[in-house]
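Here the structure comes first, spelled out in structure tokens, and everything after it is commentary.
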Amino acid sequence: MFHISAYRLPSSRQSDTPFSMSKNKFPPKRRPPTLPDDGPVYLYGLHTVRAALDNPRRAKRRLLATPNGLNRLFEGGDLPKLKVEETTPRDLDKLLGADAVHQGVALEVDPVDRFGLDDVEKLDLVIVLDQVTDPHNVGAILRTACAFGADAVITTARYAPRETGVLAKSASGALDLIPMVSVRNLGDTLETLKGQGLVCLGFDSEARGLLRPRPAGGKLAIILGAEGKGLRQKTRSLCDEMVRLDMPGPIKSLNVSNAAAIALFAATTG
């Protein structure tokens, strides 16, 4: 076992490196967690762990890494002060499960504090999830939202996945790069967003209207429901528009994370 105290790479290794991460877009701020948790979480994978290490809001306990995994983390920049334990791929497989694509690194952390709506300074483009609980889908949506420059992903407090390695890995670092807002009352939140000038656009495979490119500069909230159930009736009633994706093939509905990607593309290229 050894400790890292703000290690720096030799100058010959600090340039022209293939591995890099975006800077965190939200400030260091702590608030009481909205969702209950079951203690420490193991994050794994190079992008996921690097983003968590760079997040000042994230409480980091210890880093487990193979020698090769640690070297690859250094390619992304300096590491903060924390306990580091050298390990093997086999031991990581035992800890995380054989299906975990850990790339030789795992970080034990406390769950990241969720944001409140008032904590996000700019709300021009947001994704709102109405009781979407699958961690793979929520993680993929976080990743897509971050890639398209969305300002936040909003979830309900009661019906949303808790933070796990699966969620974080699916987000590929976005869990630590984009605010994830947890709200108790989704209806009140939609009213607040509309009061701030956002158009609330609800998605449903049976809606009459088709998704069209949005005017440039418009403020937009993209509202998505869980697969199977879709949006709740109360949520539908509060949307300014209900639209569906124009799909000429025999399948008329998509995975919610794929729908989010298409919606964000249409919203940002109009």
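By order in the structure tokens, chains are A, B, ...; within a chain, residues start at 1; ligands start at 1, following the order shown.
Inside segment 23-135 of chain A, the residues DSSP reads as strand (DSSP E or B) when given the backbone are Val41, Tyr42, Leu43, Tyr44, Lys60, Arg61, Arg62, Leu63, Leu64, Ala65, Leu82, Lys83, Val84, Glu85, Glu86, Val105, Ala106, Leu107, Glu108, Val109, Phe115, Leu125, Val126, Ile127, Val128, Leu129 and Asp130 of chain A.
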Contacts of segment 113-135 of chain A with segment 229-235 of chain A up to 12 Å, shortest pair per row, only C-alpha atoms, as JSON lines:
{"residue": "A:Val128", "atom": "CA", "partner": "A:Thr235", "partner_atom": "CA", "distance": 10.5}
{"residue": "A:Leu129", "atom": "CA", "partner": "A:Leu231", "partner_atom": "CA", "distance": 8.9}
{"residue": "A:Asp130", "atom": "CA", "partner": "A:Leu231", "partner_atom": "CA", "distance": 6.3}
{"residue": "A:Gln131", "atom": "CA", "partner": "A:Leu231", "partner_atom": "CA", "distance": 8.3}
{"residue": "A:Val132", "atom": "CA", "partner": "A:Gly230", "partner_atom": "CA", "distance": 9.0}
{"residue": "A:Thr133", "atom": "CA", "partner": "A:Lys229", "partner_atom": "CA", "distance": 11.6}
Sorted by chain and rising residue number, list the residues of segment 103-163 of chain A at most 12 Å from segment 210-226 of chain A (counting only C-alpha atoms), each with its closest atom pair and distance in Å to one decimal, as JSON lines.
{"residue": "A:Lys122", "atom": "CA", "partner": "A:Lys219", "partner_atom": "CA", "distance": 10.4}
{"residue": "A:Leu123", "atom": "CA", "partner": "A:Lys219", "partner_atom": "CA", "distance": 7.8}
{"residue": "A:Asp124", "atom": "CA", "partner": "A:Lys219", "partner_atom": "CA", "distance": 4.6}
{"residue": "A:Leu125", "atom": "CA", "partner": "A:Leu220", "partner_atom": "CA", "distance": 5.0}
{"residue": "A:Val126", "atom": "CA", "partner": "A:Ala221", "partner_atom": "CA", "distance": 4.9}
{"residue": "A:Ile127", "atom": "CA", "partner": "A:Ile222", "partner_atom": "CA", "distance": 4.9}
{"residue": "A:Val128", "atom": "CA", "partner": "A:Ile223", "partner_atom": "CA", "distance": 4.7}
{"residue": "A:Leu129", "atom": "CA", "partner": "A:Leu224", "partner_atom": "CA", "distance": 5.1}
{"residue": "A:Asp130", "atom": "CA", "partner": "A:Gly225", "partner_atom": "CA", "distance": 4.7}
{"residue": "A:Gln131", "atom": "CA", "partner": "A:Ala226", "partner_atom": "CA", "distance": 6.0}
{"residue": "A:Val132", "atom": "CA", "partner": "A:Ala226", "partner_atom": "CA", "distance": 4.5}
{"residue": "A:Thr133", "atom": "CA", "partner": "A:Ala226", "partner_atom": "CA", "distance": 7.3}
{"residue": "A:Asp134", "atom": "CA", "partner": "A:Ala226", "partner_atom": "CA", "distance": 8.5}
{"residue": "A:Pro135", "atom": "CA", "partner": "A:Ala226", "partner_atom": "CA", "distance": 11.7}
{"residue": "A:Asn137", "atom": "CA", "partner": "A:Ala226", "partner_atom": "CA", "distance": 9.5}
{"residue": "A:Val138", "atom": "CA", "partner": "A:Ala226", "partner_atom": "CA", "distance": 10.2}
{"residue": "A:Ile141", "atom": "CA", "partner": "A:Leu224", "partner_atom": "CA", "distance": 10.4}
{"residue": "A:Ala145", "atom": "CA", "partner": "A:Ile222", "partner_atom": "CA", "distance": 10.6}
{"residue": "A:Ala150", "atom": "CA", "partner": "A:Ala221", "partner_atom": "CA", "distance": 9.7}
{"residue": "A:Asp151", "atom": "CA", "partner": "A:Ala221", "partner_atom": "CA", "distance": 10.1}
{"residue": "A:Ala152", "atom": "CA", "partner": "A:Ala221", "partner_atom": "CA", "distance": 9.8}
{"residue": "A:Val153", "atom": "CA", "partner": "A:Ala221", "partner_atom": "CA", "distance": 9.6}
{"residue": "A:Ile154", "atom": "CA", "partner": "A:Ile223", "partner_atom": "CA", "distance": 9.4}
{"residue": "A:Thr155", "atom": "CA", "partner": "A:Leu224", "partner_atom": "CA", "distance": 10.2}
{"residue": "A:Thr156", "atom": "CA", "partner": "A:Gly225", "partner_atom": "CA", "distance": 11.1}
{"residue": "A:Tyr159", "atom": "CA", "partner": "A:Ala226", "partner_atom": "CA", "distance": 10.1}
{"residue": "A:Ala160", "atom": "CA", "partner": "A:Ala226", "partner_atom": "CA", "distance": 10.3}
Env of Asn255 of chain A: 9 Å cut, atoms = only C-alpha atoms, seq-sep filter 3 positions within chain, self excluded. Answer as a JSON list (two decimals) with N, CA and C atoms, in the first residue's frame.
[["chain", "number", "residue", "atom", "x", "y", "z"],
["A", 137, "ASN", "N", -29.85, 3.07, -18.43],
["A", 137, "ASN", "CA", -30.48, 4.14, -19.20],
["A", 137, "ASN", "C", -30.14, 5.51, -18.64],
["A", 227, "GLU", "N", -39.57, 3.38, -19.87],
["A", 227, "GLU", "CA", -40.02, 2.48, -20.92],
["A", 227, "GLU", "C", -41.21, 1.66, -20.42],
["A", 258, "ASN", "N", -31.78, 6.23, -26.18],
["A", 258, "ASN", "CA", -31.66, 6.56, -27.60],
["A", 258, "ASN", "C", -32.58, 7.71, -27.97],
["A", 259, "ALA", "N", -33.78, 7.70, -27.41],
["A", 259, "ALA", "CA", -34.71, 8.81, -27.66],
["A", 259, "ALA", "C", -34.14, 10.12, -27.15],
["A", 260, "ALA", "N", -33.47, 10.08, -26.00],
["A", 260, "ALA", "CA", -32.86, 11.29, -25.46],
["A", 260, "ALA", "C", -31.78, 11.83, -26.40]]
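Here the question is which of A:Ala157, A:Ala140, A:Ala261, A:Leu107 gets nearest to Ala171 of chain A using only C-alpha atoms, and that residue is A:Ala140.
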